[in-house]
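**Student:** Just final-v6.pdb, nothing more (PDB, C-alpha atoms and all ligand atoms):
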ATOM      1  CA  MET A   1      31.081  24.603  17.895
ATOM      2  CA  ASN A   2      28.802  25.437  14.990
ATOM      3  CA  LEU A   3      28.390  29.205  14.632
ATOM      4  CA  PHE A   4      25.918  28.921  11.831
ATOM      5  CA  GLU A   5      22.715  27.022  11.936
ATOM      6  CA  THR A   6      22.020  24.800   9.001
ATOM      7  CA  THR A   7      18.384  24.452   8.074
ATOM      8  CA  VAL A   8      16.714  22.042   5.736
ATOM      9  CA  THR A   9      13.066  22.368   4.807
ATOM     10  CA  VAL A  10      11.127  19.802   2.816
ATOM     11  CA  GLU A  11       7.682  20.570   1.452
ATOM     12  CA  THR A  12       5.402  18.376  -0.612
ATOM     13  CA  THR A  13       2.261  18.940  -2.564
ATOM     14  CA  PRO A  14      -0.613  16.636  -1.666
ATOM     15  CA  ILE A  15      -0.414  13.232  -3.331
ATOM     16  CA  PRO A  16      -3.698  11.403  -3.972
ATOM     17  CA  GLU A  17      -4.457   8.668  -1.450
ATOM     18  CA  GLY A  18      -2.416   5.585  -2.074
ATOM     19  CA  ALA A  19      -0.601   6.722  -5.193
ATOM     20  CA  GLY A  20      -0.170   9.555  -7.659
ATOM     21  CA  ASN A  21       2.041  12.448  -8.687
ATOM     22  CA  GLY A  22       3.262  15.341  -6.612
ATOM     23  CA  LEU A  23       6.089  17.794  -6.104
ATOM     24  CA  ILE A  24       8.811  17.801  -3.485
ATOM     25  CA  ARG A  25      10.644  21.036  -2.729
ATOM     26  CA  VAL A  26      13.844  20.958  -0.735
ATOM     27  CA  PHE A  27      15.364  24.130   0.674
ATOM     28  CA  ALA A  28      18.702  24.064   2.491
ATOM     29  CA  SER A  29      20.708  26.901   3.973
ATOM     30  CA  ASP A  30      23.994  27.021   5.876
ATOM     31  CA  GLY A  31      22.962  30.134   7.784
ATOM     32  CA  LEU A  32      25.235  32.420   5.763
ATOM     33  CA  ASN A  33      24.567  33.322   2.197
ATOM     34  CA  THR A  34      24.619  29.825   0.756
ATOM     35  CA  SER A  35      21.327  28.171   0.063
ATOM     36  CA  TYR A  36      20.038  25.469  -2.173
ATOM     37  CA  THR A  37      16.552  24.916  -3.542
ATOM     38  CA  ASP A  38      15.394  22.068  -5.716
ATOM     39  CA  VAL A  39      11.945  21.026  -6.856
ATOM     40  CA  ARG A  40      11.319  17.529  -8.178
ATOM     41  CA  ASN A  41       8.283  15.814  -9.632
ATOM     42  CA  VAL A  42       7.699  12.445  -7.989
ATOM     43  CA  THR A  43       5.423   9.512  -8.666
ATOM     44  CA  VAL A  44       4.297   7.377  -5.760
ATOM     45  CA  LEU A  45       3.127   3.930  -6.818
ATOM     46  CA  GLY A  46       1.483   3.122  -3.508
ATOM     47  CA  ASN A  47       1.329  -0.032  -1.464
ATOM     48  CA  GLY A  48       1.407  -3.040  -3.737
ATOM     49  CA  SER A  49       2.022  -0.777  -6.725
ATOM     50  CA  VAL A  50      -0.001  -0.757  -9.891
ATOM     51  CA  PHE A  51       0.560  -3.563 -12.303
ATOM     52  CA  ARG A  52      -0.667  -3.834 -15.836
ATOM     53  CA  PHE A  53      -2.623  -6.688 -17.360
ATOM     54  CA  ILE A  54      -5.537  -7.463 -19.674
ATOM     55  CA  ARG A  55      -8.597  -8.768 -17.848
ATOM     56  CA  GLY A  56      -9.486 -12.176 -19.204
ATOM     57  CA  ASP A  57      -5.965 -12.903 -20.467
ATOM     58  CA  ALA A  58      -5.333 -15.449 -17.735
ATOM     59  CA  CYS A  59      -2.485 -17.082 -19.678
ATOM     60  CA  ALA A  60      -0.793 -13.689 -20.079
ATOM     61  CA  ASP A  61      -0.072 -14.184 -23.780
ATOM     62  CA  GLY A  62      -1.508 -10.827 -24.811
ATOM     63  CA  GLU A  63      -4.887 -11.907 -26.184
ATOM     64  CA  LEU A  64      -8.158 -13.413 -25.070
ATOM     65  CA  GLY A  65      -9.005 -16.860 -26.307
ATOM     66  CA  ILE A  66     -10.451 -20.219 -25.405
ATOM     67  CA  THR A  67      -7.086 -21.181 -23.910
ATOM     68  CA  ASP A  68      -7.676 -18.621 -21.167
ATOM     69  CA  ALA A  69     -11.004 -20.220 -20.224
ATOM     70  CA  ILE A  70      -9.445 -23.691 -20.331
ATOM     71  CA  ALA A  71      -6.552 -22.498 -18.155
ATOM     72  CA  ILE A  72      -9.007 -21.133 -15.603
ATOM     73  CA  LEU A  73     -10.942 -24.412 -15.514
ATOM     74  CA  CYS A  74      -7.714 -26.439 -15.252
ATOM     75  CA  HIS A  75      -6.545 -24.135 -12.449
ATOM     76  CA  LEU A  76      -9.800 -24.660 -10.563
ATOM     77  CA  PHE A  77     -10.346 -28.371 -11.041
ATOM     78  CA  LEU A  78      -7.093 -30.012 -12.137
ATOM     79  CA  GLY A  79      -4.380 -28.013 -10.429
ATOM     80  CA  GLY A  80      -3.216 -26.640 -13.754
ATOM     81  CA  THR A  81      -0.492 -24.021 -13.880
ATOM     82  CA  GLY A  82      -1.598 -22.250 -17.055
ATOM     83  CA  VAL A  83      -3.018 -19.243 -15.217
ATOM     84  CA  LYS A  84      -0.196 -16.703 -15.093
ATOM     85  CA  CYS A  85      -2.330 -13.760 -13.996
ATOM     86  CA  LEU A  86      -4.945 -14.483 -11.358
ATOM     87  CA  ALA A  87      -6.199 -10.903 -11.529
ATOM     88  CA  ALA A  88      -6.915 -11.422 -15.237
ATOM     89  CA  ALA A  89      -8.634 -14.720 -14.440
ATOM     90  CA  ASP A  90     -11.192 -12.743 -12.424
ATOM     91  CA  THR A  91     -12.829 -12.069 -15.781
ATOM     92  CA  GLY A  92     -15.973 -10.386 -14.460
ATOM     93  CA  ARG A  93     -14.200  -8.534 -11.648
ATOM     94  CA  GLN A  94     -16.262 -10.347  -9.061
ATOM     95  CA  GLY A  95     -13.436 -10.529  -6.560
ATOM     96  CA  GLN A  96     -13.080 -14.259  -7.035
ATOM     97  CA  VAL A  97     -11.988 -16.788  -9.592
ATOM     98  CA  ASN A  98     -14.472 -19.606 -10.038
ATOM     99  CA  ILE A  99     -16.355 -21.455 -12.760
ATOM    100  CA  THR A 100     -18.339 -18.286 -13.445
ATOM    101  CA  SER A 101     -15.076 -16.611 -14.484
ATOM    102  CA  ALA A 102     -14.579 -19.176 -17.262
ATOM    103  CA  VAL A 103     -18.247 -19.061 -18.275
ATOM    104  CA  PHE A 104     -18.145 -15.244 -18.369
ATOM    105  CA  LEU A 105     -15.151 -15.351 -20.702
ATOM    106  CA  LEU A 106     -16.644 -18.042 -22.970
ATOM    107  CA  THR A 107     -19.924 -16.138 -23.147
ATOM    108  CA  HIS A 108     -18.070 -13.003 -24.188
ATOM    109  CA  LEU A 109     -15.931 -14.795 -26.765
ATOM    110  CA  PHE A 110     -18.587 -16.936 -28.426
ATOM    111  CA  LEU A 111     -22.026 -15.598 -27.561
ATOM    112  CA  GLY A 112     -21.525 -11.831 -27.629
ATOM    113  CA  GLY A 113     -21.752 -11.496 -23.867
ATOM    114  CA  ALA A 114     -20.521  -8.499 -21.918
ATOM    115  CA  ALA A 115     -16.877  -7.589 -22.262
ATOM    116  CA  PRO A 116     -14.603  -7.923 -19.243
ATOM    117  CA  PRO A 117     -14.326  -4.778 -17.130
ATOM    118  CA  SER A 118     -11.178  -2.635 -17.244
ATOM    119  CA  PRO A 119      -8.368  -3.264 -17.824
ATOM    120  CA  TYR A 120      -9.669  -4.513 -21.160
ATOM    121  CA  PRO A 121      -9.202  -4.821 -24.167
ATOM    122  CA  SER A 122      -5.604  -3.651 -23.921
ATOM    123  CA  CYS A 123      -2.991  -3.432 -21.212
ATOM    124  CA  ALA A 124      -3.722  -0.976 -18.447
ATOM    125  CA  GLY A 125      -3.053  -0.612 -14.766
ATOM    126  CA  SER A 126      -5.433  -1.482 -11.979
ATOM    127  CA  ARG A 127      -5.549   0.021  -8.516
ATOM    128  CA  ASP A 128      -8.294  -2.380  -7.442
ATOM    129  CA  ALA A 129      -7.406  -4.004  -4.112
ATOM    130  CA  GLY A 130      -8.819  -7.331  -5.264
ATOM    131  CA  ASP A 131      -6.705  -7.266  -8.422
ATOM    132  CA  ARG A 132      -3.624  -6.445  -6.369
ATOM    133  CA  ALA A 133      -4.398  -9.289  -3.977
ATOM    134  CA  PHE A 134      -4.667 -11.735  -6.881
ATOM    135  CA  GLY A 135      -1.642 -10.368  -8.713
ATOM    136  CA  CYS A 136       0.162 -11.727 -11.760
ATOM    137  CA  THR A 137       3.227 -13.912 -11.996
ATOM    138  CA  GLU A 138       3.504 -12.957 -15.673
ATOM    139  CA  THR A 139       2.050 -10.200 -17.798
ATOM    140  CA  PRO A 140       2.380  -9.427 -21.505
ATOM    141  CA  CYS A 141       2.173  -5.716 -20.757
ATOM    142  CA  PRO A 142       5.193  -3.428 -20.877
TER     143      PRO A 142
HETATM  144 CA    CA B   1      -4.658 -15.329 -23.351
END
What is this structure when it is put down as structure tokens?

**Tutor:**
Amino acid sequence: MNLFETTVTVETTPIPEGAGNGLIRVFASDGLNTSYTDVRNVTVLGNGSVFRFIRGDACADGELGITDAIAILCHLFLGGTGVKCLAAADTGRQGQVNITSAVFLLTHLFLGGAAPPSPYPSCAGSRDAGDRAFGCTETPCP
């Protein structure tokens, strides 16, 4: 028979939808004079987590170049395996990888066309559902 009632209370601060930072507070008591309180900062990565890449760096070698455009074209038309990051191969963030993705990249590299949307020009995370669906098998980003 337990004469003392043990209670445990857990409280959290709101965490932004899908992912973000928050606090968790745990309070425990044995019903006498002993209690325990701890507050911890937590980071929730969310479903599918956030991964880092450079948009346009389809080969995942850390830089944009003609090899990325060639890898995209080989992936599309020859079954090539040079594309290591399909999210990065969506160079214009159109939600698809097609010949326009290679043309967009070539136009940027050699004709001064628009730069790829974020994450570019350096490694950064993306929470975009399309990027997460594409994913990366390799990334040069830490
Ligand atoms: Ca590259």

**Student:** Running the PyMOL selection byres (((chain A and resi 109-118) around 9) and not hetatm) on this model by hand, what would come out? Give it as a ChimeraX atom specification.

**Tutor:** /A:54-56,64-66,91-93,104-108,119-122,124-126

**Student:** Taking only C-alpha atoms and all ligand atoms into account, which residues have an atom no farther than 7 Å from ligand CA 1 (chain B)? I'd like them as a PyMOL selection string.

**Tutor:** chain A and resi 57-65+67-68

**Student:** As a PyMOL selection string, please: the residues near region 12-14 of chain A (cut-off 6 Å, all atoms listed in the file, same-chain neighbours under 5 positions excluded).

**Tutor:** chain A and resi 22-24

**Student:** Running the PyMOL selection byres (((chain A and resi 95) around 10) and not hetatm) on this model by hand, what would come out? Give it as a PyMOL selection string.

**Tutor:** chain A and resi 87+90-94+96-98+128-131+133-134

**Student:** Please, what distance in Å, to one decimal, runs between CA of Arg40 (chain A) and CA of Ala28 (chain A)?

**Tutor:**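 Between CA of Arg40 (chain A) and CA of Ala28 (chain A) the gap is 14.5 Å.
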
**Student:** From the options A:Arg52, A:Val8, A:Thr37, A:Glu138, which residue's atoms come nearest to Thr81 (chain A), counting only C-alpha atoms?

**Tutor:**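 Ranking A:Arg52, A:Val8, A:Thr37, A:Glu138 by distance to Thr81 (chain A), first place goes to A:Glu138.
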
**Student:** What is the CA of Leu73 (chain A)-CA of Cys141 (chain A) distance in Å, reported with one decimal?

**Tutor:**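 CA of Cys141 (chain A) lies 23.4 Å from CA of Leu73 (chain A).
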
**Student:** Which one of A:Leu78, A:Cys136, A:Cys123, A:Ile70 sits closest to Ser101 (chain A) if you count all atoms listed in the file?

**Tutor:**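 Comparing A:Leu78, A:Cys136, A:Cys123, A:Ile70 against Ser101 (chain A), the winner is A:Ile70.
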
**Student:** In Å, how far is it from CA of Ala102 (chain A) to CA of Gly82 (chain A)?

**Tutor:**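 Here the two named atoms are 13.3 Å from each other.
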
**Student:** Would you please work out which residue, of A:Ala88, A:Leu32, A:Ile72, A:Val39, is nearest to Thr6 (chain A) when using only C-alpha atoms?

**Tutor:**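 The shortest atom-to-atom distance to Thr6 (chain A) comes from A:Leu32.
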
**Student:** Compare A:Thr100, A:Ser35, A:Thr7, A:Thr139 by their minimum atom-to-atom distance to Ala69 (chain A), counting only C-alpha atoms, and give me the closest one.

**Tutor:** A:Thr100

**Student:** Of the candidates A:Arg132, A:His75, A:Arg25, A:Lys84, which one gets nearest to Glu11 (chain A) if we count all atoms listed in the file?

**Tutor:**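 Of A:Arg132, A:His75, A:Arg25, A:Lys84, the one nearest Glu11 (chain A) is A:Arg25, counting all atoms listed in the file.
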
**Student:** Which residue out of A:Leu86, A:Ile99, A:Phe53, A:Glu5 has the minimum interatomic distance to Thr34 (chain A) when all atoms listed in the file are used?

**Tutor:**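 Among the listed residues, the smallest separation from Thr34 (chain A) belongs to A:Glu5.
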